[in-house]
$ cat input-v3.tsv   # TSV, C-alpha atoms
chain	number	residue	atom	x	y	z
A	10	MET	CA	-34.32	9.09	27.86
A	11	CYS	CA	-35.07	12.55	29.28
A	12	ARG	CA	-36.07	13.66	25.78
A	13	GLN	CA	-38.52	10.76	25.51
A	14	VAL	CA	-40.04	11.69	28.88
A	15	PHE	CA	-40.62	15.23	27.66
A	16	GLY	CA	-42.06	13.92	24.38
A	17	PHE	CA	-44.61	11.80	26.25
A	18	ARG	CA	-45.36	14.72	28.57
A	19	LEU	CA	-45.89	17.07	25.62
A	20	ALA	CA	-48.33	14.69	23.93
A	21	MET	CA	-50.38	14.20	27.10
A	22	ILE	CA	-50.52	17.95	27.81
A	23	VAL	CA	-51.80	18.63	24.29
A	24	VAL	CA	-54.46	15.93	24.72
A	25	SER	CA	-55.65	17.18	28.11
A	26	ALA	CA	-55.35	20.94	27.45
A	27	PRO	CA	-58.91	21.29	26.04
A	28	ALA	CA	-60.38	19.68	29.17
A	29	ALA	CA	-58.36	22.05	31.38
A	30	LEU	CA	-59.56	25.12	29.47
A	31	LEU	CA	-63.21	23.98	29.43
A	32	ASN	CA	-63.28	23.18	33.16
A	33	ALA	CA	-61.49	26.39	34.19
A	34	ALA	CA	-63.50	29.14	35.85
A	35	PRO	CA	-64.34	32.06	33.57
A	36	GLY	CA	-62.13	35.07	33.71
A	37	LEU	CA	-58.95	34.68	35.76
A	38	GLY	CA	-59.19	30.88	35.83
A	39	VAL	CA	-59.19	30.59	32.06
A	40	ARG	CA	-56.24	32.99	31.80
A	41	LEU	CA	-54.22	31.01	34.37
A	42	ALA	CA	-55.04	27.73	32.66
A	43	GLY	CA	-54.18	29.16	29.23
A	44	ALA	CA	-50.89	30.55	30.50
A	45	ALA	CA	-50.09	27.20	32.10
A	46	VAL	CA	-50.85	25.40	28.83
A	47	VAL	CA	-48.60	27.73	26.81
A	48	VAL	CA	-45.71	27.55	29.31
A	49	THR	CA	-45.78	23.78	29.81
A	50	VAL	CA	-46.15	23.07	26.08
A	51	MET	CA	-43.29	25.40	25.14
A	52	VAL	CA	-40.99	24.07	27.87
A	53	SER	CA	-41.73	20.45	26.93
A	54	TYR	CA	-41.25	21.12	23.21
A	55	VAL	CA	-37.98	23.01	23.65
A	56	LEU	CA	-36.49	20.35	25.93
A	57	PHE	CA	-37.74	17.56	23.67
A	58	ARG	CA	-36.18	19.14	20.58
A	59	ASP	CA	-32.91	20.57	22.00
A	60	TRP	CA	-32.19	18.52	25.12
A	61	GLU	CA	-28.44	18.63	24.52
A	62	ARG	CA	-28.57	22.42	24.58
A	63	PHE	CA	-31.06	23.15	27.37
A	64	GLY	CA	-30.72	19.98	29.45
A	65	PRO	CA	-27.57	21.18	31.28
A	66	LEU	CA	-29.49	24.36	32.27
A	67	LEU	CA	-32.18	22.22	33.90
A	68	LEU	CA	-29.48	20.14	35.55
A	69	ARG	CA	-27.84	23.20	37.14
A	70	HIS	CA	-31.10	24.83	38.26
A	71	PRO	CA	-33.61	22.44	39.90
A	72	SER	CA	-35.82	25.47	40.61
A	73	LEU	CA	-36.79	25.47	36.92
A	74	LEU	CA	-38.32	22.02	37.26
A	75	ALA	CA	-40.07	23.15	40.44
A	76	ALA	CA	-41.57	26.13	38.60
A	77	ASP	CA	-42.68	23.86	35.77
A	78	THR	CA	-44.33	21.58	38.33
A	79	LEU	CA	-46.18	24.56	39.75
A	80	PHE	CA	-47.52	25.56	36.33
A	81	GLY	CA	-48.56	21.97	35.75
A	82	SER	CA	-50.53	22.04	39.00
A	83	PHE	CA	-52.71	24.85	37.56
A	84	LEU	CA	-53.64	22.57	34.70
A	85	LEU	CA	-54.25	19.71	37.12
A	86	VAL	CA	-56.64	21.85	39.16
A	87	SER	CA	-58.47	22.95	36.02
A	88	ALA	CA	-58.66	19.58	34.26
A	89	GLY	CA	-59.14	17.45	37.34
A	90	PRO	CA	-57.35	14.37	38.68
A	91	ASP	CA	-59.44	12.04	36.52
A	92	THR	CA	-58.01	13.27	33.20
A	93	THR	CA	-54.84	12.15	31.41
A	94	LEU	CA	-53.01	15.14	32.85
A	95	ALA	CA	-52.96	13.44	36.24
A	96	TYR	CA	-50.81	10.68	34.77
A	97	VAL	CA	-48.50	13.25	33.19
A	98	SER	CA	-47.62	14.39	36.71
A	99	VAL	CA	-45.86	11.04	37.20
A	100	CYS	CA	-43.26	12.20	34.64
A	101	THR	CA	-41.93	14.87	37.01
A	102	PRO	CA	-40.46	12.54	39.69
A	103	LEU	CA	-39.24	10.19	36.92
A	104	LEU	CA	-37.39	13.08	35.30
A	105	ALA	CA	-36.07	14.26	38.66
A	106	GLY	CA	-34.66	10.80	39.35
A	107	LEU	CA	-32.93	10.75	35.97
A	108	VAL	CA	-31.47	14.24	36.35
A	109	TYR	CA	-30.92	14.77	40.09
A	110	SER	CA	-30.43	11.23	41.45
A	111	TRP	CA	-32.30	9.87	44.47
A	112	ARG	CA	-32.34	13.13	46.43
A	113	GLY	CA	-34.08	15.01	43.64
A	114	ALA	CA	-36.39	12.06	43.04
A	115	ALA	CA	-37.41	12.01	46.71
A	116	CYS	CA	-37.97	15.77	46.78
A	117	PHE	CA	-40.04	16.02	43.61
A	118	ALA	CA	-41.92	12.78	44.27
A	119	SER	CA	-42.98	14.16	47.65
A	120	LEU	CA	-43.93	17.54	46.10
A	121	GLN	CA	-45.92	15.96	43.27
A	122	ALA	CA	-47.62	13.50	45.59
A	123	LEU	CA	-48.60	16.33	47.93
A	124	ILE	CA	-50.05	18.34	45.01
A	125	LEU	CA	-52.06	15.34	43.84
A	126	LEU	CA	-53.42	14.71	47.33
A	127	VAL	CA	-54.40	18.37	47.78
A	128	VAL	CA	-56.10	18.52	44.37
A	129	HIS	CA	-57.90	15.25	44.96
A	130	THR	CA	-59.06	16.34	48.41
A	131	ALA	CA	-60.21	19.77	47.20
A	132	LEU	CA	-62.08	18.58	44.15
A	133	LYS	CA	-63.56	15.46	45.72
A	134	ALA	CA	-64.70	17.18	48.91
A	135	GLY	CA	-68.04	15.83	50.09
A	136	ARG	CA	-67.77	12.73	47.89
A	137	PRO	CA	-66.27	9.79	49.73
A	138	GLU	CA	-63.61	7.97	47.65
A	139	PRO	CA	-61.75	4.75	48.45
A	140	VAL	CA	-58.38	5.34	50.07
A	141	ALA	CA	-56.63	3.18	47.48
A	142	GLU	CA	-57.94	5.39	44.65
A	143	ALA	CA	-56.77	8.55	46.42
A	144	LEU	CA	-53.29	7.11	47.01
A	145	LEU	CA	-52.85	5.55	43.55
A	146	LEU	CA	-51.27	8.49	41.76
A	147	PRO	CA	-49.11	9.63	44.73
A	148	GLY	CA	-47.82	6.05	44.99
A	149	LEU	CA	-47.05	6.04	41.29
A	150	CYS	CA	-45.05	9.24	41.78
A	151	VAL	CA	-42.92	7.57	44.44
A	152	ILE	CA	-42.38	4.50	42.23
A	153	ALA	CA	-41.53	6.68	39.20
A	154	GLY	CA	-38.96	8.61	41.26
A	155	ALA	CA	-37.33	5.36	42.40
A	156	MET	CA	-37.30	4.08	38.81
A	157	GLY	CA	-35.69	7.28	37.54
A	158	SER	CA	-32.96	7.13	40.18
A	159	THR	CA	-32.30	3.45	39.45
A	160	LEU	CA	-32.14	4.06	35.70
A	161	ARG	CA	-29.71	6.93	36.26
A	162	ASN	CA	-27.37	4.68	38.27
A	163	LEU	CA	-27.59	1.94	35.66
A	164	MET	CA	-26.80	4.35	32.82
A	165	LEU	CA	-23.89	5.89	34.71
A	166	ARG	CA	-22.45	2.44	35.38
A	167	PHE	CA	-22.98	1.48	31.76
A	168	GLY	CA	-21.26	4.69	30.67
A	169	ALA	CA	-18.33	4.04	32.98
A	170	ALA	CA	-18.05	0.46	31.74
A	171	THR	CA	-18.23	1.65	28.12
A	172	GLU	CA	-15.53	4.26	28.75
A	173	ALA	CA	-13.33	1.67	30.44
A	174	LEU	CA	-13.87	-0.71	27.51
A	175	THR	CA	-13.03	2.04	25.02
A	176	THR	CA	-9.88	2.90	26.95
A	177	ALA	CA	-8.86	-0.76	27.09
A	178	ARG	CA	-9.47	-1.15	23.36
A	179	ALA	CA	-7.44	1.98	22.64
A	180	ARG	CA	-4.56	0.70	24.77
A	181	LEU	CA	-4.78	-2.72	23.14
A	182	ALA	CA	-4.80	-1.14	19.68
A	183	ALA	CA	-1.80	0.99	20.61
A	184	ALA	CA	0.04	-2.05	21.97
A	185	GLU	CA	-0.78	-4.04	18.83
A	186	ALA	CA	0.39	-1.14	16.66
A	187	VAL	CA	3.66	-0.91	18.59
A	188	SER	CA	4.14	-4.69	18.37
A	189	ALA	CA	3.39	-4.67	14.64
A	190	GLU	CA	5.81	-1.79	14.07
A	191	ARG	CA	8.53	-3.54	16.05
A	192	ALA	CA	7.98	-6.71	14.01
A	193	ARG	CA	8.12	-4.68	10.80
A	194	LEU	CA	11.38	-2.98	11.81
A	195	ALA	CA	12.83	-6.35	12.77
A	196	ARG	CA	11.90	-7.78	9.35
A	197	GLU	CA	13.30	-4.79	7.47
A	198	MET	CA	16.58	-4.82	9.40
A	199	HIS	CA	16.93	-8.59	9.04
A	200	ASP	CA	16.25	-8.51	5.30
A	201	SER	CA	18.63	-5.63	4.56
A	202	VAL	CA	21.14	-4.16	6.99
A	203	ALA	CA	21.70	-7.18	9.23
A	204	LYS	CA	22.61	-9.50	6.36
A	205	THR	CA	24.89	-6.97	4.72
A	206	LEU	CA	26.69	-6.25	7.98
A	207	TYR	CA	27.13	-9.97	8.49
A	208	GLY	CA	28.73	-10.12	5.03
A	209	VAL	CA	30.98	-7.19	5.95
A	210	ALA	CA	32.10	-9.07	9.07
A	211	LEU	CA	32.89	-12.22	7.08
A	212	ALA	CA	34.79	-10.22	4.48
A	213	ALA	CA	36.73	-8.39	7.20
A	214	ASP	CA	37.61	-11.71	8.86
A	215	GLY	CA	38.89	-13.03	5.54
A	216	LEU	CA	40.92	-9.87	5.00
A	217	ALA	CA	42.46	-10.16	8.44
A	218	ALA	CA	43.32	-13.81	7.88
A	219	THR	CA	44.93	-13.06	4.51
A	220	ALA	CA	46.91	-10.11	5.85
A	221	SER	CA	48.24	-12.14	8.82
A	222	ALA	CA	49.54	-14.96	6.62
A	223	GLY	CA	53.25	-15.55	6.30
A	224	ALA	CA	53.36	-14.44	2.65
A	225	PRO	CA	50.26	-12.37	2.01
A	226	ASP	CA	49.07	-11.99	-1.55
A	227	PRO	CA	48.66	-8.25	-2.35
A	228	ALA	CA	46.12	-8.93	-5.08
A	229	ARG	CA	43.95	-11.02	-2.77
A	230	ILE	CA	44.25	-8.42	-0.01
A	231	ARG	CA	43.19	-5.72	-2.46
A	232	TRP	CA	40.21	-7.80	-3.64
A	233	GLN	CA	39.07	-8.52	-0.09
A	234	ALA	CA	39.45	-4.86	0.90
A	235	GLU	CA	37.33	-3.84	-2.09
A	236	LEU	CA	34.76	-6.44	-1.02
A	237	VAL	CA	34.62	-4.96	2.48
A	238	SER	CA	34.28	-1.48	0.98
A	239	ARG	CA	31.46	-2.51	-1.36
A	240	SER	CA	29.64	-4.31	1.43
A	241	ALA	CA	29.95	-1.31	3.75
A	242	ARG	CA	28.62	1.03	1.06
A	243	ARG	CA	25.76	-1.37	0.43
A	244	ALA	CA	24.93	-1.42	4.15
A	245	ALA	CA	24.94	2.38	4.20
A	246	ALA	CA	22.66	2.49	1.16
A	247	GLU	CA	20.26	-0.01	2.72
A	248	SER	CA	20.25	2.01	5.94
A	249	ARG	CA	19.35	5.16	4.01
A	250	GLU	CA	16.63	3.27	2.14
A	251	LEU	CA	15.22	1.96	5.43
A	252	LEU	CA	15.22	5.44	6.96
A	253	ALA	CA	13.59	6.90	3.85
A	254	ASP	CA	10.89	4.23	4.02
A	255	LEU	CA	10.22	5.02	7.68
A	256	ARG	CA	9.87	8.72	6.93
A	257	ARG	CA	7.90	8.28	3.73
A	258	ASP	CA	4.48	9.89	3.76
A	259	PRO	CA	1.93	7.09	3.21
A	260	GLU	CA	-0.36	9.45	1.31
A	261	ARG	CA	2.42	10.35	-1.13
A	262	ALA	CA	3.76	6.82	-1.52
A	263	PRO	CA	3.41	5.37	-5.02
A	264	GLU	CA	0.38	3.15	-5.50
A	265	GLU	CA	2.33	0.68	-7.65
A	266	ILE	CA	5.96	-0.24	-8.14
A	267	PRO	CA	7.57	-2.17	-11.04
A	268	LEU	CA	7.69	-5.47	-9.13
A	269	TRP	CA	8.61	-7.85	-11.93
A	270	ARG	CA	11.34	-5.64	-13.32
A	271	LEU	CA	12.85	-5.30	-9.84
A	272	LEU	CA	12.55	-9.05	-9.26
A	273	ALA	CA	14.36	-9.86	-12.52
A	274	HIS	CA	17.05	-7.28	-11.70
A	275	ARG	CA	17.63	-8.69	-8.22
A	276	ALA	CA	17.82	-12.23	-9.62
A	277	ARG	CA	20.53	-11.13	-12.06
A	278	GLU	CA	22.42	-9.24	-9.37
A	279	PHE	CA	22.18	-12.21	-7.05
A	280	GLY	CA	23.58	-14.57	-9.67
A	281	ARG	CA	26.43	-12.21	-10.52
A	282	ARG	CA	27.32	-11.66	-6.85
A	283	THR	CA	27.14	-15.28	-5.68
A	284	GLY	CA	28.10	-17.16	-8.81
A	285	LEU	CA	24.94	-19.31	-8.61
A	286	GLU	CA	23.00	-20.11	-11.76
A	287	VAL	CA	19.67	-18.25	-11.54
A	288	THR	CA	16.99	-18.75	-14.19
A	289	CYS	CA	13.70	-16.86	-14.43
A	290	HIS	CA	10.65	-18.47	-16.03
A	291	TRP	CA	7.83	-16.12	-16.98
A	292	PRO	CA	4.53	-16.98	-18.66
A	293	ALA	CA	4.29	-16.85	-22.43
A	294	HIS	CA	3.89	-13.07	-22.40
A	295	HIS	CA	6.53	-10.63	-21.22
A	296	PRO	CA	6.57	-9.62	-17.55
A	297	ALA	CA	5.64	-6.06	-18.47
A	298	PRO	CA	1.92	-6.71	-19.02
A	299	PHE	CA	1.57	-8.57	-15.70
A	300	PRO	CA	-1.23	-7.28	-13.48
A	301	ALA	CA	0.13	-4.59	-11.18
A	302	LEU	CA	0.12	-5.14	-7.44
A	303	PRO	CA	-0.38	-2.44	-4.80
A	304	ALA	CA	2.90	-1.01	-3.55
A	305	PRO	CA	2.73	-2.51	-0.01
A	306	VAL	CA	1.98	-5.98	-1.40
A	307	ALA	CA	4.70	-5.68	-4.04
A	308	ARG	CA	7.29	-4.73	-1.38
A	309	HIS	CA	6.41	-7.79	0.69
A	310	VAL	CA	6.61	-10.09	-2.35
A	311	LEU	CA	9.97	-8.65	-3.37
A	312	ALA	CA	11.34	-9.02	0.17
A	313	ILE	CA	10.16	-12.66	0.35
A	314	ALA	CA	11.81	-13.45	-2.98
A	315	THR	CA	15.07	-11.77	-1.91
A	316	GLU	CA	15.08	-13.70	1.38
A	317	ALA	CA	14.51	-16.99	-0.46
A	318	LEU	CA	17.45	-16.27	-2.78
A	319	GLU	CA	19.72	-15.38	0.14
A	320	ASN	CA	18.75	-18.54	2.03
A	321	ALA	CA	19.61	-20.63	-1.02
A	322	HIS	CA	23.08	-19.09	-1.03
A	323	ARG	CA	23.84	-18.94	2.70
A	324	HIS	CA	22.21	-22.06	4.11
A	325	ALA	CA	21.25	-24.51	1.35
A	326	ARG	CA	24.64	-24.71	-0.41
A	327	ALA	CA	22.75	-24.71	-3.71
A	328	GLY	CA	24.20	-24.59	-7.17
A	329	ARG	CA	21.09	-23.53	-9.08
A	330	VAL	CA	18.00	-21.44	-8.32
A	331	ASP	CA	14.83	-21.32	-10.44
A	332	VAL	CA	12.41	-18.39	-10.19
A	333	ARG	CA	9.04	-19.17	-11.76
A	334	VAL	CA	5.99	-16.93	-12.10
A	335	THR	CA	2.58	-18.33	-13.03
A	336	LEU	CA	-0.74	-16.65	-13.65
A	337	ASP	CA	-4.00	-18.55	-13.11
A	338	GLY	CA	-7.03	-16.32	-13.36
A	339	HIS	CA	-7.01	-14.00	-10.34
A	340	LEU	CA	-4.22	-15.93	-8.61
A	341	LEU	CA	-0.57	-15.05	-9.18
A	342	GLY	CA	2.02	-17.66	-8.24
A	343	LEU	CA	5.70	-17.10	-7.43
A	344	ALA	CA	7.90	-20.14	-6.83
A	345	ILE	CA	11.63	-20.03	-5.95
A	346	HIS	CA	13.31	-23.45	-5.87
A	347	ASP	CA	16.94	-24.30	-5.17
A	348	ASP	CA	18.73	-27.63	-5.51
A	349	GLY	CA	20.40	-27.39	-2.11
A	350	THR	CA	20.25	-29.53	1.01
A	351	GLY	CA	16.71	-28.55	1.97
A	352	LEU	CA	15.27	-27.78	5.38
A	353	PRO	CA	16.40	-29.90	8.33
A	354	PRO	CA	13.82	-32.44	9.52
A	355	GLY	CA	11.48	-31.15	12.21
A	356	THR	CA	11.97	-27.47	11.35
A	357	THR	CA	9.27	-25.27	12.89
A	358	LEU	CA	8.86	-21.53	13.27
A	359	GLU	CA	8.97	-21.83	17.06
A	360	ARG	CA	12.28	-23.70	16.95
A	361	LEU	CA	13.75	-21.20	14.49
A	362	ARG	CA	12.64	-18.34	16.74
A	363	GLU	CA	14.27	-19.97	19.77
A	364	GLN	CA	17.50	-20.47	17.82
A	365	GLY	CA	17.59	-16.83	16.68
A	366	HIS	CA	16.79	-17.52	12.99
A	367	PHE	CA	14.15	-15.08	11.87
A	368	GLY	CA	14.29	-15.32	8.09
A	369	LEU	CA	11.47	-17.83	7.55
A	370	LEU	CA	9.44	-16.19	10.30
A	371	GLY	CA	9.73	-12.85	8.52
A	372	MET	CA	8.66	-14.47	5.24
A	373	VAL	CA	5.53	-15.92	6.85
A	374	GLU	CA	4.70	-12.58	8.48
A	375	ARG	CA	5.17	-10.73	5.21
A	376	ALA	CA	2.92	-13.18	3.38
A	377	ALA	CA	0.22	-12.63	5.99
A	378	GLN	CA	0.60	-8.86	5.62
A	379	ALA	CA	0.25	-9.18	1.84
A	380	GLY	CA	-2.83	-11.42	2.14
A	381	ALA	CA	-1.00	-14.23	0.33
A	382	ARG	CA	-0.49	-17.92	1.04
A	383	ILE	CA	3.06	-19.21	1.49
A	384	ARG	CA	4.35	-22.77	1.44
A	385	ILE	CA	7.95	-23.70	2.26
A	386	GLY	CA	9.27	-27.21	1.63
A	387	ARG	CA	10.24	-29.53	-1.19
A	388	GLY	CA	7.03	-29.07	-3.11
A	389	THR	CA	6.94	-31.44	-6.10
A	390	HIS	CA	10.75	-31.71	-6.28
A	391	ASP	CA	12.95	-34.58	-5.10
A	392	ARG	CA	15.40	-32.35	-3.26
A	393	GLY	CA	16.06	-28.76	-2.31
A	394	THR	CA	13.69	-26.16	-0.97
A	395	GLU	CA	10.79	-24.45	-2.70
A	396	VAL	CA	9.21	-21.22	-1.47
A	397	ARG	CA	5.84	-20.83	-3.15
A	398	LEU	CA	3.71	-17.74	-2.82
A	399	ASP	CA	0.11	-17.52	-4.04
A	400	ILE	CA	-1.04	-13.90	-4.31
A	401	PRO	CA	-4.69	-13.04	-5.00
A	402	LEU	CA	-4.88	-10.28	-7.57
A	403	PRO	CA	-7.15	-7.27	-6.95
A	404	ARG	CA	-10.26	-7.49	-9.07
A	405	PRO	CA	-10.76	-4.52	-11.37
A	406	ALA	CA	-13.62	-2.22	-10.48
A	407	PRO	CA	-16.65	-2.63	-12.74
A	408	ARG	CA	-16.93	0.02	-15.36
A	409	THR	CA	-19.94	2.29	-15.16
A	410	PRO	CA	-21.66	2.58	-18.51
A	411	VAL	CA	-21.75	6.12	-19.84
A	412	ASN	CA	-24.99	7.18	-21.48
A	413	PRO	CA	-24.42	9.06	-24.73

$ encode --input "input-v3.tsv" --output "structure tokens"
Amino acid sequence: MCRQVFGFRLAMIVVSAPAALLNAAPGLGVRLAGAAVVVTVMVSYVLFRDWERFGPLLLRHPSLLAADTLFGSFLLVSAGPDTTLAYVSVCTPLLAGLVYSWRGAACFASLQALILLVVHTALKAGRPEPVAEALLLPGLCVIAGAMGSTLRNLMLRFGAATEALTTARARLAAAEAVSAERARLAREMHDSVAKTLYGVALAADGLAATASAGAPDPARIRWQAELVSRSARRAAAESRELLADLRRDPERAPEEIPLWRLLAHRAREFGRRTGLEVTCHWPAHHPAPFPALPAPVARHVLAIATEALENAHRHARAGRVDVRVTLDGHLLGLAIHDDGTGLPPGTTLERLREQGHFGLLGMVERAAQAGARIRIGRGTHDRGTEVRLDIPLPRPAPRTPVNP
């Protein structure tokens, strides 16, 4: 705003400079008027162009604005109060109000009004003028000073409000980032380490029960001890994988991962470990030419599929699990259906959260993170549970034709 004031002032000085030079007295008067024109034009131009650089200097030294006002008075005497330069004098108290608050506005408004009254009285001597005409410009100086001070207060309040809003947004963003990271850690621990440790606990309980029997079977004890050992090593491996993922540099992370190969491998491992019959149905072509997904999306899809398989084994008491992948244009579908008992009636995410079951909640959160749509229920089947995931595929970037 100060720059705009100096821009207006510069334009008006350029317009009224010829009248000031023509009306100046020959000799010393013309020299003073010319010097005043050069000084005021240069000062206005410099502050208009580089206000950020020279504005703080004007803010620290109000005497500079007073000197500029004095040079402007030479032009006012030469040009006369009836020219456009008289209205330029109103800019001084406006600028003082913007820069120096109400005290500076009052000081420079009084100084400029006094200069205008003296010039008007000296040049209009012997010619009676209405009082209202003589007080018009001094009154405008007082009003301009009040406006500048008011605008300064409004801008300072607006700046304070903007800073407070920025701080609140930064704190909210930090809180949301912390909450999202906590939710992510909870999902990762639930989907990996927590389940494996739960399996270790069950295997250890079975080992203790077998060892405390009246006639313990050494072969069974050995098998259960190996199960505990394998589960503990698996938990350690998952912990290392989780730590490696937390410390992985996002910029160096792979853009794509072999999702479908990993999904088929986990389905086979799941069937071998649990004894359930797991079948994978791919489209007519082999999974290898499937469209690749970004690495973050692929990780979420793989975690959702793994959680669905584990739920079929732990909660649904299923005997068979079908994994089916479909491709429809730019929409990739993944459906995992088991023939188990299905979800209890009235199951909601809020109720599961209250009961301490976070598996389905994590699946829904992961689907949202991946930008996919998830549906959990019977689907088109008579019994069991189907987890269906619809993933929009990234559209390939258009190729730019190369001119030969």

$ residues_around --input "input-v3.tsv" --residues "Arg239 (chain A)" --least-positions-apart "6" --cutoff "12 Å" --atoms "all atoms listed in the file" --output "PyMOL selection string"
chain A and resi 205-206+208-209+212-213+232-233+245-246+282

$ residues_around --input "input-v3.tsv" --residues "region 77-79 of chain A" --least-positions-apart "4" --cutoff "10 Å" --atoms "only C-alpha atoms" --output "JSON, numbers by chain"
{"A": [45, 48, 49, 52, 53, 72, 73, 83, 84, 85, 98, 101, 102, 117, 120, 121, 124]}

$ write_last_selection --input "input-v3.tsv" --atoms "C-alpha atoms" --output "compact mmCIF listing (two decimals), in the frame of the given file"
# COMPACT_ATOMS: atom_id res chain seq x y z
CA ALA A 45 -50.09 27.20 32.10
CA VAL A 48 -45.71 27.55 29.31
CA THR A 49 -45.78 23.78 29.81
CA VAL A 52 -40.99 24.07 27.87
CA SER A 53 -41.73 20.45 26.93
CA SER A 72 -35.82 25.47 40.61
CA LEU A 73 -36.79 25.47 36.92
CA PHE A 83 -52.71 24.85 37.56
CA LEU A 84 -53.64 22.57 34.70
CA LEU A 85 -54.25 19.71 37.12
CA SER A 98 -47.62 14.39 36.71
CA THR A 101 -41.93 14.87 37.01
CA PRO A 102 -40.46 12.54 39.69
CA PHE A 117 -40.04 16.02 43.61
CA LEU A 120 -43.93 17.54 46.10
CA GLN A 121 -45.92 15.96 43.27
CA ILE A 124 -50.05 18.34 45.01

$ residues_around --input "input-v3.tsv" --residues "region 151-158 of chain A" --least-positions-apart "3" --cutoff "8 Å" --atoms "all atoms listed in the file" --output "NGL selection string"
:A and (99-100 or 102-107 or 109-111 or 114-115 or 117-119 or 122 or 147-148 or 161-162)

$ closest_residue --input "input-v3.tsv" --among "A:Glu316, A:Glu286, A:Asp347, A:Glu363" --to "Arg387 (chain A)" --atoms "all atoms listed in the file"
A:Asp347

$ atom_distance --input "input-v3.tsv" --atom1 "CA of Phe57 (chain A)" --atom2 "CA of Arg112 (chain A)"
23.8 Å

$ atom_distance --input "input-v3.tsv" --atom1 "CA of Leu285 (chain A)" --atom2 "CA of His390 (chain A)"
19.0 Å

$ atom_distance --input "input-v3.tsv" --atom1 "CA of Tyr207 (chain A)" --atom2 "CA of Leu318 (chain A)"
16.1 Å

$ build_atoms --input "input-v3.tsv" --residues "region 224-235 of chain A" --atoms "N, CA, C and O atoms" --output "mmCIF file, keeping the file's coordinate frame"
data_model
loop_
_atom_site.group_PDB
_atom_site.id
_atom_site.type_symbol
_atom_site.label_atom_id
_atom_site.label_comp_id
_atom_site.auth_asym_id
_atom_site.auth_seq_id
_atom_site.Cartn_x
_atom_site.Cartn_y
_atom_site.Cartn_z
ATOM 1 N N ALA A 224 53.052 -15.131 3.917
ATOM 2 C CA ALA A 224 53.360 -14.440 2.650
ATOM 3 C C ALA A 224 52.057 -13.970 2.045
ATOM 4 O O ALA A 224 51.463 -14.645 1.195
ATOM 5 N N PRO A 225 51.573 -12.841 2.495
ATOM 6 C CA PRO A 225 50.260 -12.370 2.010
ATOM 7 C C PRO A 225 50.303 -12.002 0.532
ATOM 8 O O PRO A 225 51.302 -11.504 0.019
ATOM 9 N N ASP A 226 49.209 -12.296 -0.124
ATOM 10 C CA ASP A 226 49.070 -11.990 -1.550
ATOM 11 C C ASP A 226 48.464 -10.590 -1.696
ATOM 12 O O ASP A 226 47.318 -10.361 -1.297
ATOM 13 N N PRO A 227 49.208 -9.624 -2.236
ATOM 14 C CA PRO A 227 48.660 -8.250 -2.350
ATOM 15 C C PRO A 227 47.380 -8.178 -3.176
ATOM 16 O O PRO A 227 46.468 -7.408 -2.858
ATOM 17 N N ALA A 228 47.319 -8.978 -4.240
ATOM 18 C CA ALA A 228 46.120 -8.930 -5.080
ATOM 19 C C ALA A 228 44.895 -9.429 -4.323
ATOM 20 O O ALA A 228 43.798 -8.856 -4.422
ATOM 21 N N ARG A 229 45.079 -10.496 -3.543
ATOM 22 C CA ARG A 229 43.950 -11.020 -2.770
ATOM 23 C C ARG A 229 43.549 -10.034 -1.680
ATOM 24 O O ARG A 229 42.366 -9.855 -1.399
ATOM 25 N N ILE A 230 44.566 -9.410 -1.047
ATOM 26 C CA ILE A 230 44.250 -8.420 -0.010
ATOM 27 C C ILE A 230 43.467 -7.256 -0.621
ATOM 28 O O ILE A 230 42.482 -6.774 -0.036
ATOM 29 N N ARG A 231 43.884 -6.819 -1.814
ATOM 30 C CA ARG A 231 43.190 -5.720 -2.460
ATOM 31 C C ARG A 231 41.741 -6.124 -2.796
ATOM 32 O O ARG A 231 40.805 -5.345 -2.603
ATOM 33 N N TRP A 232 41.561 -7.338 -3.288
ATOM 34 C CA TRP A 232 40.210 -7.800 -3.640
ATOM 35 C C TRP A 232 39.328 -7.883 -2.406
ATOM 36 O O TRP A 232 38.162 -7.474 -2.433
ATOM 37 N N GLN A 233 39.867 -8.411 -1.308
ATOM 38 C CA GLN A 233 39.070 -8.520 -0.090
ATOM 39 C C GLN A 233 38.776 -7.142 0.509
ATOM 40 O O GLN A 233 37.685 -6.907 1.053
ATOM 41 N N ALA A 234 39.714 -6.216 0.411
ATOM 42 C CA ALA A 234 39.450 -4.860 0.900
ATOM 43 C C ALA A 234 38.363 -4.189 0.076
ATOM 44 O O ALA A 234 37.493 -3.484 0.618
ATOM 45 N N GLU A 235 38.399 -4.400 -1.260
ATOM 46 C CA GLU A 235 37.330 -3.840 -2.090
ATOM 47 C C GLU A 235 35.972 -4.472 -1.750
ATOM 48 O O GLU A 235 34.939 -3.798 -1.777
#
